[in-house]
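Enquirer: My file is data-v2.txt. It has compact mmCIF, C-alpha atoms and all ligand atoms:
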```txt
# COMPACT_ATOMS: atom_id res chain seq x y z
CA MET A 1 -18.70 14.22 -5.41
CA THR A 2 -16.72 13.58 -8.52
CA ASN A 3 -16.56 10.87 -11.13
CA GLN A 4 -12.82 11.48 -11.48
CA TYR A 5 -12.26 9.22 -8.51
CA ILE A 6 -10.03 6.17 -9.04
CA GLY A 7 -9.34 3.94 -6.06
CA ARG A 8 -7.70 0.56 -5.72
CA PHE A 9 -7.12 -2.49 -3.56
CA ALA A 10 -3.59 -3.85 -3.81
CA PRO A 11 -3.11 -7.12 -1.90
CA SER A 12 0.23 -8.93 -1.78
CA PRO A 13 -0.42 -12.62 -2.44
CA THR A 14 1.58 -13.86 0.53
CA GLY A 15 -1.43 -15.78 1.85
CA ARG A 16 -5.23 -15.83 1.61
CA LEU A 17 -7.41 -12.84 2.50
CA HIS A 18 -8.08 -12.45 6.23
CA ALA A 19 -10.22 -10.11 8.32
CA GLY A 20 -7.64 -7.30 8.06
CA SER A 21 -7.26 -7.41 4.30
CA LEU A 22 -11.04 -7.73 3.91
CA ALA A 23 -11.48 -4.50 5.91
CA ALA A 24 -9.04 -2.75 3.52
CA ALA A 25 -10.79 -4.22 0.46
CA LEU A 26 -14.21 -3.22 1.77
CA ALA A 27 -13.21 0.32 2.82
CA SER A 28 -11.52 1.04 -0.51
CA PHE A 29 -14.43 -0.48 -2.46
CA ILE A 30 -17.08 1.45 -0.54
CA ASP A 31 -15.15 4.73 -0.71
CA ALA A 32 -14.97 4.35 -4.51
CA ARG A 33 -18.66 3.52 -4.67
CA ALA A 34 -19.67 6.40 -2.42
CA HIS A 35 -17.75 8.70 -4.80
CA HIS A 36 -19.32 7.09 -7.90
CA GLY A 37 -15.75 6.34 -8.88
CA GLN A 38 -13.77 3.42 -10.22
CA TRP A 39 -12.12 0.72 -8.14
CA LEU A 40 -9.16 -1.30 -9.40
CA ILE A 41 -7.54 -4.50 -8.19
CA ARG A 42 -3.77 -4.86 -8.31
CA ILE A 43 -1.88 -7.98 -7.31
CA GLU A 44 1.34 -6.84 -5.62
CA ASP A 45 3.47 -9.84 -6.46
CA VAL A 46 6.72 -7.95 -7.06
CA ASP A 47 8.39 -9.88 -4.24
CA THR A 48 8.45 -13.19 -6.07
CA GLY A 49 10.07 -15.00 -3.12
CA ARG A 50 7.13 -14.33 -0.78
CA CYS A 51 4.23 -14.36 -3.22
CA LYS A 52 2.45 -17.35 -4.76
CA LYS A 53 0.22 -17.52 -7.82
CA GLU A 54 -2.20 -19.85 -6.00
CA TRP A 55 -2.71 -17.24 -3.28
CA ALA A 56 -3.26 -14.52 -5.88
CA ASP A 57 -5.88 -16.71 -7.57
CA ASP A 58 -7.49 -17.43 -4.21
CA ILE A 59 -7.66 -13.70 -3.38
CA LEU A 60 -9.20 -12.92 -6.78
CA GLN A 61 -11.75 -15.71 -6.37
CA THR A 62 -12.73 -14.45 -2.93
CA LEU A 63 -13.15 -10.88 -4.22
CA SER A 64 -15.23 -12.19 -7.06
CA ALA A 65 -17.39 -14.26 -4.66
CA LEU A 66 -17.87 -11.02 -2.67
CA GLN A 67 -18.96 -9.35 -5.92
CA MET A 68 -16.15 -6.85 -5.64
CA HIS A 69 -15.18 -6.55 -9.29
CA SER A 70 -12.34 -4.46 -10.67
CA ASP A 71 -13.38 -1.65 -13.03
CA GLY A 72 -10.37 -2.45 -15.22
CA GLU A 73 -8.04 -5.29 -16.00
CA VAL A 74 -6.36 -6.72 -12.89
CA ILE A 75 -2.78 -5.49 -12.73
CA TRP A 76 0.06 -7.84 -11.82
CA GLN A 77 3.25 -6.17 -10.62
CA SER A 78 5.33 -9.13 -11.78
CA LYS A 79 4.46 -8.15 -15.37
CA ARG A 80 5.61 -4.55 -15.00
CA ILE A 81 9.33 -4.95 -14.42
CA ASP A 82 10.29 -3.12 -17.65
CA ARG A 83 8.30 -0.09 -16.56
CA TYR A 84 9.92 -0.09 -13.09
CA THR A 85 13.34 -0.37 -14.77
CA ASN A 86 12.61 2.67 -16.94
CA VAL A 87 11.62 4.81 -13.99
CA LEU A 88 14.64 3.66 -11.98
CA ASN A 89 16.90 4.63 -14.90
CA GLN A 90 15.19 8.01 -15.11
CA LEU A 91 15.87 8.57 -11.40
CA ILE A 92 19.50 7.50 -11.74
CA GLU A 93 20.05 9.74 -14.77
CA SER A 94 18.61 12.74 -12.97
CA GLY A 95 20.83 12.10 -9.93
CA LYS A 96 17.88 11.19 -7.69
CA ALA A 97 18.92 7.58 -7.16
CA TYR A 98 22.32 6.05 -6.57
CA GLY A 99 23.98 2.66 -6.33
CA CYS A 100 24.87 1.41 -2.87
CA SER A 101 27.40 -1.24 -1.89
CA CYS A 102 26.51 -1.42 1.82
CA THR A 103 25.57 -4.70 3.45
CA ARG A 104 23.09 -4.81 6.31
CA LEU A 105 25.94 -5.32 8.76
CA GLU A 106 27.87 -2.32 7.48
CA ILE A 107 24.76 -0.16 7.80
CA GLU A 108 24.18 -1.36 11.37
CA LYS A 109 27.78 -0.62 12.32
CA ALA A 110 27.74 2.86 10.75
CA ASN A 111 24.45 3.70 12.49
CA LYS A 112 25.81 2.54 15.83
CA ALA A 113 28.94 4.65 15.43
CA LEU A 114 26.82 7.69 14.53
CA GLY A 115 24.20 7.04 17.24
CA LEU A 116 21.43 6.59 14.62
CA LYS A 117 18.46 4.16 14.61
CA PRO A 118 19.38 0.67 13.30
CA ASN A 119 17.06 0.76 10.26
CA HIS A 120 18.11 4.20 9.14
CA TYR A 121 20.43 4.52 6.14
CA PRO A 122 23.42 6.65 7.18
CA GLY A 123 24.19 7.87 3.65
CA THR A 124 27.52 6.08 3.26
CA CYS A 125 27.28 5.71 -0.55
CA ARG A 126 25.82 9.14 -1.28
CA THR A 127 29.21 10.24 -2.48
CA GLY A 128 29.72 7.07 -4.55
CA ALA A 129 29.44 3.34 -3.88
CA LYS A 130 32.33 2.03 -1.81
CA GLY A 131 32.43 -1.32 -3.67
CA ALA A 132 30.30 -3.38 -6.07
CA ILE A 133 26.77 -1.99 -6.25
CA ARG A 134 24.23 -4.17 -4.41
CA SER A 135 21.10 -2.05 -4.26
CA TRP A 136 19.74 1.27 -5.53
CA ARG A 137 18.60 4.00 -3.20
CA PHE A 138 16.45 7.08 -3.57
CA LEU A 139 18.21 10.32 -2.63
CA THR A 140 16.03 11.94 0.02
CA ASN A 141 16.08 15.62 0.77
CA HIS A 142 15.51 17.53 3.94
CA GLU A 143 11.99 18.63 3.09
CA LYS A 144 9.50 17.37 5.62
CA VAL A 145 6.59 15.51 4.01
CA THR A 146 3.22 16.40 5.49
CA PHE A 147 -0.17 15.19 4.32
CA THR A 148 -3.69 15.06 5.72
CA ASP A 149 -4.96 11.54 6.11
CA ARG A 150 -8.73 11.29 5.70
CA TRP A 151 -8.98 9.02 8.75
CA LEU A 152 -6.02 9.89 10.95
CA GLY A 153 -5.54 13.59 10.23
CA GLU A 154 -2.24 15.35 9.70
CA TYR A 155 0.86 13.18 9.42
CA SER A 156 4.45 14.38 8.95
CA GLN A 157 7.79 12.76 8.47
CA ASP A 158 11.25 14.04 7.65
CA VAL A 159 12.19 11.11 5.45
CA GLU A 160 15.86 11.99 5.32
CA THR A 161 16.41 12.04 9.07
CA GLU A 162 13.83 9.42 10.05
CA VAL A 163 14.43 6.82 7.33
CA GLY A 164 17.33 8.02 5.19
CA ASP A 165 17.89 7.25 1.52
CA PHE A 166 15.69 4.19 1.09
CA VAL A 167 16.07 1.18 -1.19
CA ILE A 168 14.09 1.22 -4.43
CA LYS A 169 15.81 -1.78 -6.01
CA ARG A 170 16.95 -4.42 -3.61
CA ALA A 171 20.21 -6.35 -3.38
CA ASP A 172 18.36 -9.50 -4.55
CA GLY A 173 17.47 -7.68 -7.79
CA LEU A 174 13.78 -7.19 -6.93
CA PHE A 175 12.12 -3.80 -7.10
CA ALA A 176 11.09 -2.48 -3.71
CA TYR A 177 7.43 -2.04 -2.80
CA GLN A 178 7.99 1.73 -2.33
CA LEU A 179 8.87 2.27 -5.98
CA ALA A 180 6.47 -0.23 -7.56
CA VAL A 181 3.45 1.10 -5.68
CA VAL A 182 4.14 4.70 -6.70
CA ILE A 183 4.58 3.85 -10.38
CA ASP A 184 1.48 1.66 -10.47
CA ASP A 185 -0.74 4.19 -8.74
CA HIS A 186 0.49 6.91 -11.07
CA ASP A 187 0.08 4.85 -14.25
CA CYS A 188 -3.47 3.89 -13.28
CA GLY A 189 -4.41 7.49 -12.45
CA VAL A 190 -5.23 6.54 -8.86
CA THR A 191 -6.66 9.54 -7.01
CA ASP A 192 -7.46 7.91 -3.68
CA ILE A 193 -5.61 5.32 -1.63
CA VAL A 194 -7.49 3.58 1.18
CA ARG A 195 -5.40 0.98 3.04
CA GLY A 196 -4.35 -0.28 6.47
CA ALA A 197 -2.79 2.05 9.05
CA ASP A 198 0.33 -0.15 9.21
CA LEU A 199 1.39 1.44 5.93
CA ILE A 200 1.13 5.07 7.01
CA ASP A 201 4.82 5.41 7.84
CA ASN A 202 5.61 4.33 4.24
CA THR A 203 3.41 7.05 2.78
CA PRO A 204 5.90 9.95 3.18
CA ARG A 205 8.51 7.90 1.28
CA GLN A 206 6.02 7.34 -1.51
CA ILE A 207 5.03 11.01 -1.57
CA ALA A 208 8.72 11.99 -1.69
CA LEU A 209 9.14 9.79 -4.77
CA MET A 210 6.03 11.27 -6.42
CA ARG A 211 7.20 14.81 -5.78
CA THR A 212 10.58 14.06 -7.33
CA LEU A 213 8.94 12.47 -10.36
CA ASP A 214 6.57 15.44 -10.54
CA TRP A 215 3.53 13.19 -10.34
CA ASN A 216 0.15 14.02 -8.79
CA GLU A 217 -0.27 13.00 -5.18
CA PRO A 218 -3.36 10.99 -4.34
CA ARG A 219 -5.45 11.51 -1.22
CA TYR A 220 -4.87 8.96 1.53
CA MET A 221 -7.00 7.21 4.11
CA HIS A 222 -5.38 4.73 6.47
CA ILE A 223 -7.97 2.57 8.21
CA PRO A 224 -7.62 0.97 11.68
CA LEU A 225 -5.88 -2.39 11.76
CA VAL A 226 -7.63 -5.56 12.79
CA LEU A 227 -5.68 -7.08 15.71
CA ASN A 228 -5.58 -10.65 16.99
CA ASP A 229 -6.11 -11.73 20.64
CA ARG A 230 -2.50 -10.83 21.41
CA HIS A 231 -3.10 -7.32 20.00
CA GLU A 232 -0.85 -7.99 17.02
CA LYS A 233 -1.71 -6.95 13.48
CA LEU A 234 -3.19 -9.77 11.42
CA SER A 235 -0.86 -10.71 8.63
CA LYS A 236 -1.00 -13.29 5.92
CA GLN A 237 2.62 -14.23 6.50
CA ALA A 238 2.09 -14.74 10.21
CA GLY A 239 -0.67 -17.20 9.34
CA ALA A 240 -3.78 -15.12 10.17
CA ARG A 241 -6.99 -17.18 9.92
CA PRO A 242 -8.33 -16.96 6.36
CA LEU A 243 -11.92 -15.80 5.88
CA GLY A 244 -14.63 -18.35 6.68
CA ASN A 245 -17.16 -19.64 4.16
CA ASP A 246 -19.89 -17.26 5.30
CA LEU A 247 -18.65 -14.17 3.47
CA MET A 248 -21.68 -12.09 4.45
CA LEU A 249 -20.82 -12.67 8.10
CA GLU A 250 -17.20 -11.67 7.40
CA LEU A 251 -18.45 -8.45 5.78
CA VAL A 252 -20.65 -7.72 8.80
CA HIS A 253 -17.59 -8.10 11.07
CA ALA A 254 -15.40 -5.95 8.82
CA TRP A 255 -18.05 -3.23 8.75
CA ARG A 256 -18.38 -3.28 12.54
CA HIS A 257 -14.59 -3.08 12.82
CA LEU A 258 -14.69 0.13 10.76
CA GLY A 259 -17.07 1.51 13.39
CA PHE A 260 -20.28 1.70 11.38
CA GLU A 261 -23.85 0.72 12.20
CA GLU A 262 -24.69 -2.92 11.69
CA ILE A 263 -26.09 -3.82 8.27
CA ARG A 264 -28.46 -6.74 7.77
CA ALA A 265 -28.76 -7.41 4.06
CA ASP A 266 -29.87 -10.37 2.01
CA SER A 267 -27.45 -9.75 -0.86
CA PHE A 268 -23.98 -8.29 -1.28
CA GLU A 269 -25.42 -5.62 -3.53
CA ALA A 270 -27.88 -4.51 -0.82
CA PHE A 271 -25.06 -4.55 1.74
CA TYR A 272 -22.82 -2.33 -0.42
CA GLN A 273 -25.65 0.06 -1.17
CA GLU A 274 -26.40 0.62 2.51
CA ALA A 275 -22.68 0.73 3.35
CA SER A 276 -22.08 3.44 0.71
CA LEU A 277 -24.83 5.59 2.24
CA GLN A 278 -23.39 5.28 5.75
CA TRP A 279 -19.89 5.94 4.39
CA ALA A 280 -21.00 9.02 2.45
CA ASN A 281 -22.66 10.41 5.60
CA ARG A 282 -19.44 10.12 7.51
CA PHE A 283 -16.77 10.98 4.98
CA LEU A 284 -18.16 12.90 2.02
N1 LIG A 301 0.44 -4.81 -0.92
C1 LIG A 301 0.26 -4.19 0.35
C2 LIG A 301 -0.31 -5.18 1.34
O1 LIG A 301 -0.87 -6.20 0.96
C3 LIG A 301 -0.66 -3.00 0.28
C4 LIG A 301 -0.04 -1.89 -0.42
C5 LIG A 301 -0.89 -0.66 -0.59
O2 LIG A 301 -2.11 -0.70 -0.46
O3 LIG A 301 -0.30 0.36 -0.92
O4 LIG A 301 -0.20 -4.95 2.53
```
Could you write out this structure as structure tokens?
Ligand code: GLU
Expert:
Amino acid sequence: MTNQYIGRFAPSPTGRLHAGSLAAALASFIDARAHHGQWLIRIEDVDTGRCKKEWADDILQTLSALQMHSDGEVIWQSKRIDRYTNVLNQLIESGKAYGCSCTRLEIEKANKALGLKPNHYPGTCRTGAKGAIRSWRFLTNHEKVTFTDRWLGEYSQDVETEVGDFVIKRADGLFAYQLAVVIDDHDCGVTDIVRGADLIDNTPRQIALMRTLDWNEPRYMHIPLVLNDRHEKLSKQAGARPLGNDLMLELVHAWRHLGFEEIRADSFEAFYQEASLQWANRFL
């Protein structure tokens, strides 16, 4: 065990917390606690079109009611645009990012002609934008990214062939999640990322960015998703049921979802203490 550990929970305020985001909050919080580390909260409101301040406030209130307190000031991505701009410029200057003029339709057409997957970027503007620059892309290389997930085991992706040069600043002028998350985790010294398994196919893109920036790579743990009755991932945007008033009951469900023994506790503190012991037995 080490006290160097820094973890985080990074919700996007596109709705209130639901069972899925609670499981991610709880797993990241308990992993930090089991390591005697720090746990930070970051509001990922970089996508200003989809995020609302009232949802961010609601999420923070719920975390506070759950007695999950950040060990540092809460970070708001919307306040970090200058920092993202600096890193983007650094990537452009070092030839690791380039301007792209392609529209979605042009990308689809080029992929079809080349027999590539529709969401892949075919590299059209690698040799220079073909018109006015719309977005900025990260220049991928052919090195396969492999990492060992603490829950799911080894995971590999060749980002260049499977995804292509991905957008780091979007055509609508907003910074992409992929870039913001990497800069924030680096600036906060995050050593451990615990989050939902839906994000695992983003992780190689984020690692590719970190390697290019010569930044330390954190350890990753992608936890099982909570599904609804139709076996779809719960999502705030798709209107997943927000947490009920009985937060202890919600914690009990989240803990069961993570596959641990049931905890009966009369306070959040007692719950987290027992949860940390069970967690340490399984993962540390
Ligand atoms: N903001 C993302 C979400 O709410 C999580 C990002 C992350 O943990 O890296 O799904």
Enquirer: Of the residues A:His120, A:Arg126, A:Arg16, A:His35, which is the one nearest to ligand LIG 301 (chain A), using all atoms listed in the file?
Expert: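 Among the listed residues, A:Arg16 lies closest to ligand LIG 301 (chain A).
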Enquirer: Would you list the contacts of A:Gly7 as a ChimeraX atom specification, taking every protein, DNA or RNA residue within 12 Å and counting all atoms listed in the file, but skipping same-chain residues closer than 6 positions in sequence?
Expert: /A:24-42,70-72,184-186,188-195,218-221
Enquirer: Counting all atoms listed in the file, what is within 9 Å of stretch 91-99 of chain A, bar same-chain residues fewer than 4 positions away, as number ranges by chain?
Expert: A: 86-87, 125-126, 128-129, 132-140, 165, 168, 212-213
Enquirer: Write a file of the selected residues as an mmCIF file, in the frame of the given file, keeping C-alpha atoms.
Expert:
```
data_model
loop_
_atom_site.group_PDB
_atom_site.id
_atom_site.type_symbol
_atom_site.label_atom_id
_atom_site.label_comp_id
_atom_site.auth_asym_id
_atom_site.auth_seq_id
_atom_site.Cartn_x
_atom_site.Cartn_y
_atom_site.Cartn_z
ATOM 1 C CA ASN A 86 12.610 2.670 -16.940
ATOM 2 C CA VAL A 87 11.620 4.810 -13.990
ATOM 3 C CA CYS A 125 27.280 5.710 -0.550
ATOM 4 C CA ARG A 126 25.820 9.140 -1.280
ATOM 5 C CA GLY A 128 29.720 7.070 -4.550
ATOM 6 C CA ALA A 129 29.440 3.340 -3.880
ATOM 7 C CA ALA A 132 30.300 -3.380 -6.070
ATOM 8 C CA ILE A 133 26.770 -1.990 -6.250
ATOM 9 C CA ARG A 134 24.230 -4.170 -4.410
ATOM 10 C CA SER A 135 21.100 -2.050 -4.260
ATOM 11 C CA TRP A 136 19.740 1.270 -5.530
ATOM 12 C CA ARG A 137 18.600 4.000 -3.200
ATOM 13 C CA PHE A 138 16.450 7.080 -3.570
ATOM 14 C CA LEU A 139 18.210 10.320 -2.630
ATOM 15 C CA THR A 140 16.030 11.940 0.020
ATOM 16 C CA ASP A 165 17.890 7.250 1.520
ATOM 17 C CA ILE A 168 14.090 1.220 -4.430
ATOM 18 C CA THR A 212 10.580 14.060 -7.330
ATOM 19 C CA LEU A 213 8.940 12.470 -10.360
#
```
Enquirer: Measure the distance from atom CA of A:Glu143 to atom CA of A:Thr161 in Å and round it to one decimal.
Expert: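 Interatomic distance here is 9.9 Å.
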Enquirer: What's around stretch 240-247 of chain A at 12 Å? Count only C-alpha atoms, leave out sequence neighbours fewer than 2 positions away in its own chain, and write the answer as a PDB file with C-alpha atoms, in the coordinates of the input.
Expert:
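Written file, out-v7.pdb:
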```pdb
ATOM      1  CA  THR A  14       1.580 -13.860   0.530  1.00  0.00           C
ATOM      2  CA  GLY A  15      -1.430 -15.780   1.850  1.00  0.00           C
ATOM      3  CA  ARG A  16      -5.230 -15.830   1.610  1.00  0.00           C
ATOM      4  CA  LEU A  17      -7.410 -12.840   2.500  1.00  0.00           C
ATOM      5  CA  HIS A  18      -8.080 -12.450   6.230  1.00  0.00           C
ATOM      6  CA  ALA A  19     -10.220 -10.110   8.320  1.00  0.00           C
ATOM      7  CA  GLY A  20      -7.640  -7.300   8.060  1.00  0.00           C
ATOM      8  CA  SER A  21      -7.260  -7.410   4.300  1.00  0.00           C
ATOM      9  CA  LEU A  22     -11.040  -7.730   3.910  1.00  0.00           C
ATOM     10  CA  ALA A  23     -11.480  -4.500   5.910  1.00  0.00           C
ATOM     11  CA  LEU A  26     -14.210  -3.220   1.770  1.00  0.00           C
ATOM     12  CA  TRP A  55      -2.710 -17.240  -3.280  1.00  0.00           C
ATOM     13  CA  ASP A  58      -7.490 -17.430  -4.210  1.00  0.00           C
ATOM     14  CA  ILE A  59      -7.660 -13.700  -3.380  1.00  0.00           C
ATOM     15  CA  THR A  62     -12.730 -14.450  -2.930  1.00  0.00           C
ATOM     16  CA  LEU A  63     -13.150 -10.880  -4.220  1.00  0.00           C
ATOM     17  CA  SER A  64     -15.230 -12.190  -7.060  1.00  0.00           C
ATOM     18  CA  ALA A  65     -17.390 -14.260  -4.660  1.00  0.00           C
ATOM     19  CA  LEU A  66     -17.870 -11.020  -2.670  1.00  0.00           C
ATOM     20  CA  GLN A  67     -18.960  -9.350  -5.920  1.00  0.00           C
ATOM     21  CA  MET A  68     -16.150  -6.850  -5.640  1.00  0.00           C
ATOM     22  CA  VAL A 226      -7.630  -5.560  12.790  1.00  0.00           C
ATOM     23  CA  LEU A 227      -5.680  -7.080  15.710  1.00  0.00           C
ATOM     24  CA  ASN A 228      -5.580 -10.650  16.990  1.00  0.00           C
ATOM     25  CA  ASP A 229      -6.110 -11.730  20.640  1.00  0.00           C
ATOM     26  CA  GLU A 232      -0.850  -7.990  17.020  1.00  0.00           C
ATOM     27  CA  LYS A 233      -1.710  -6.950  13.480  1.00  0.00           C
ATOM     28  CA  LEU A 234      -3.190  -9.770  11.420  1.00  0.00           C
ATOM     29  CA  SER A 235      -0.860 -10.710   8.630  1.00  0.00           C
ATOM     30  CA  LYS A 236      -1.000 -13.290   5.920  1.00  0.00           C
ATOM     31  CA  GLN A 237       2.620 -14.230   6.500  1.00  0.00           C
ATOM     32  CA  ALA A 238       2.090 -14.740  10.210  1.00  0.00           C
ATOM     33  CA  LEU A 249     -20.820 -12.670   8.100  1.00  0.00           C
ATOM     34  CA  GLU A 250     -17.200 -11.670   7.400  1.00  0.00           C
ATOM     35  CA  LEU A 251     -18.450  -8.450   5.780  1.00  0.00           C
ATOM     36  CA  VAL A 252     -20.650  -7.720   8.800  1.00  0.00           C
ATOM     37  CA  HIS A 253     -17.590  -8.100  11.070  1.00  0.00           C
ATOM     38  CA  ALA A 254     -15.400  -5.950   8.820  1.00  0.00           C
ATOM     39  CA  ASP A 266     -29.870 -10.370   2.010  1.00  0.00           C
ATOM     40  CA  SER A 267     -27.450  -9.750  -0.860  1.00  0.00           C
ATOM     41  CA  PHE A 268     -23.980  -8.290  -1.280  1.00  0.00           C
ATOM     42  CA  PHE A 271     -25.060  -4.550   1.740  1.00  0.00           C
TER      43      PHE A 271
END
```
Enquirer: When distances are computed from all atoms listed in the file, which of A:Thr148, A:Ser12, A:Thr127, A:Gln77 shows the smallest separation from ligand LIG 301 (chain A)?
Expert: A:Ser12
Enquirer: Taking all atoms listed in the file into account, report as a PyMOL selection string which residues have an atom no farther than 7 Å from an atom of ligand LIG 301 (chain A).
Expert: chain A and resi 9-12+44+181+195
Enquirer: What separation in Å, quoted to one decimal, exists between atom CA of A:Met248 and atom CA of A:Gln273?
Expert: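 Here the two named atoms are 14.0 Å from each other.
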Enquirer: Enter the distance from atom CA of A:Trp215 to atom CA of A:Ile183, in Å, rounded to one decimal.
Expert: 9.4 Å
Enquirer: Excluding same-chain residues fewer than 5 positions from A:Glu274, what lies within 9 Å of it counting only C-alpha atoms, as a PyMOL selection string?
Expert: chain A and resi 263+265+269+279
Enquirer: Of the residues A:Ala208, A:Leu174, A:Val163, A:Val145, which is the one nearest to A:Gly123, using only C-alpha atoms?
Expert: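 Among A:Ala208, A:Leu174, A:Val163, A:Val145, it is A:Val163 that comes nearest to A:Gly123.
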Enquirer: Would you please work out which residue, of A:Glu160, A:Ser101, A:Glu106, A:Pro13, is nearest to A:Leu60 when using all atoms listed in the file?
Expert: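 The closest residue to A:Leu60 is A:Pro13.
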Enquirer: Pick from A:Ile107, A:Pro122, A:Gly259, A:His69: nearest to A:Gln278, with only C-alpha atoms counted?
Expert: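 Of A:Ile107, A:Pro122, A:Gly259, A:His69, the one nearest A:Gln278, counting only C-alpha atoms, is A:Gly259.
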Enquirer: Extract, using all atoms listed in the file, all DNA, RNA and protein residues at most 8 Å from A:Gln206, discarding same-chain residues fewer than 5 positions from it, and format them as a PDB file with C-alpha atoms, in the coordinates of the input.
Expert:
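This is the output file selection33.pdb:
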```pdb
ATOM      1  CA  GLN A 178       7.990   1.730  -2.330  1.00  0.00           C
ATOM      2  CA  LEU A 179       8.870   2.270  -5.980  1.00  0.00           C
ATOM      3  CA  VAL A 181       3.450   1.100  -5.680  1.00  0.00           C
ATOM      4  CA  VAL A 182       4.140   4.700  -6.700  1.00  0.00           C
TER       5      VAL A 182
END
```
Enquirer: For a quick check of understanding, using all atoms listed in the file, which of A:Glu262, A:Leu88, A:Asp172, A:Gly164 has the smallest distance to A:Tyr121?
Expert: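 The closest residue to A:Tyr121 is A:Gly164.
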Enquirer: Export stretch 26-63 of chain A, C-alpha atoms, as a compact mmCIF listing (two decimals), in the first residue's frame; it's the structure right above.
Expert:
```txt
# COMPACT_ATOMS: atom_id res chain seq x y z
CA LEU A 26 -18.28 4.18 -4.90
CA ALA A 27 -15.64 1.96 -6.54
CA SER A 28 -13.25 4.88 -7.08
CA PHE A 29 -13.86 6.19 -3.55
CA ILE A 30 -13.34 2.80 -1.89
CA ASP A 31 -10.25 2.01 -3.97
CA ALA A 32 -8.71 5.31 -2.82
CA ARG A 33 -9.66 4.60 0.77
CA ALA A 34 -8.34 1.05 0.68
CA HIS A 35 -5.02 2.50 -0.55
CA HIS A 36 -5.04 5.25 2.12
CA GLY A 37 -4.91 7.61 -0.83
CA GLN A 38 -6.64 10.78 -1.94
CA TRP A 39 -9.85 10.97 -3.92
CA LEU A 40 -10.75 13.97 -6.07
CA ILE A 41 -13.99 15.09 -7.69
CA ARG A 42 -13.92 16.65 -11.14
CA ILE A 43 -16.97 17.99 -12.94
CA GLU A 44 -16.54 17.17 -16.64
CA ASP A 45 -18.55 20.03 -18.05
CA VAL A 46 -16.35 20.70 -21.08
CA ASP A 47 -19.27 19.92 -23.40
CA THR A 48 -21.24 23.02 -22.52
CA GLY A 49 -24.11 22.08 -24.85
CA ARG A 50 -24.92 18.87 -22.95
CA CYS A 51 -24.00 19.87 -19.40
CA LYS A 52 -26.00 21.95 -16.93
CA LYS A 53 -24.83 23.74 -13.80
CA GLU A 54 -27.95 22.58 -11.91
CA TRP A 55 -27.05 18.95 -12.60
CA ALA A 56 -23.47 19.54 -11.49
CA ASP A 57 -24.77 21.08 -8.25
CA ASP A 58 -27.16 18.18 -7.80
CA ILE A 59 -24.34 15.64 -8.28
CA LEU A 60 -22.14 17.48 -5.77
CA GLN A 61 -24.97 17.63 -3.25
CA THR A 62 -25.63 13.92 -3.60
CA LEU A 63 -21.94 13.08 -3.13
```
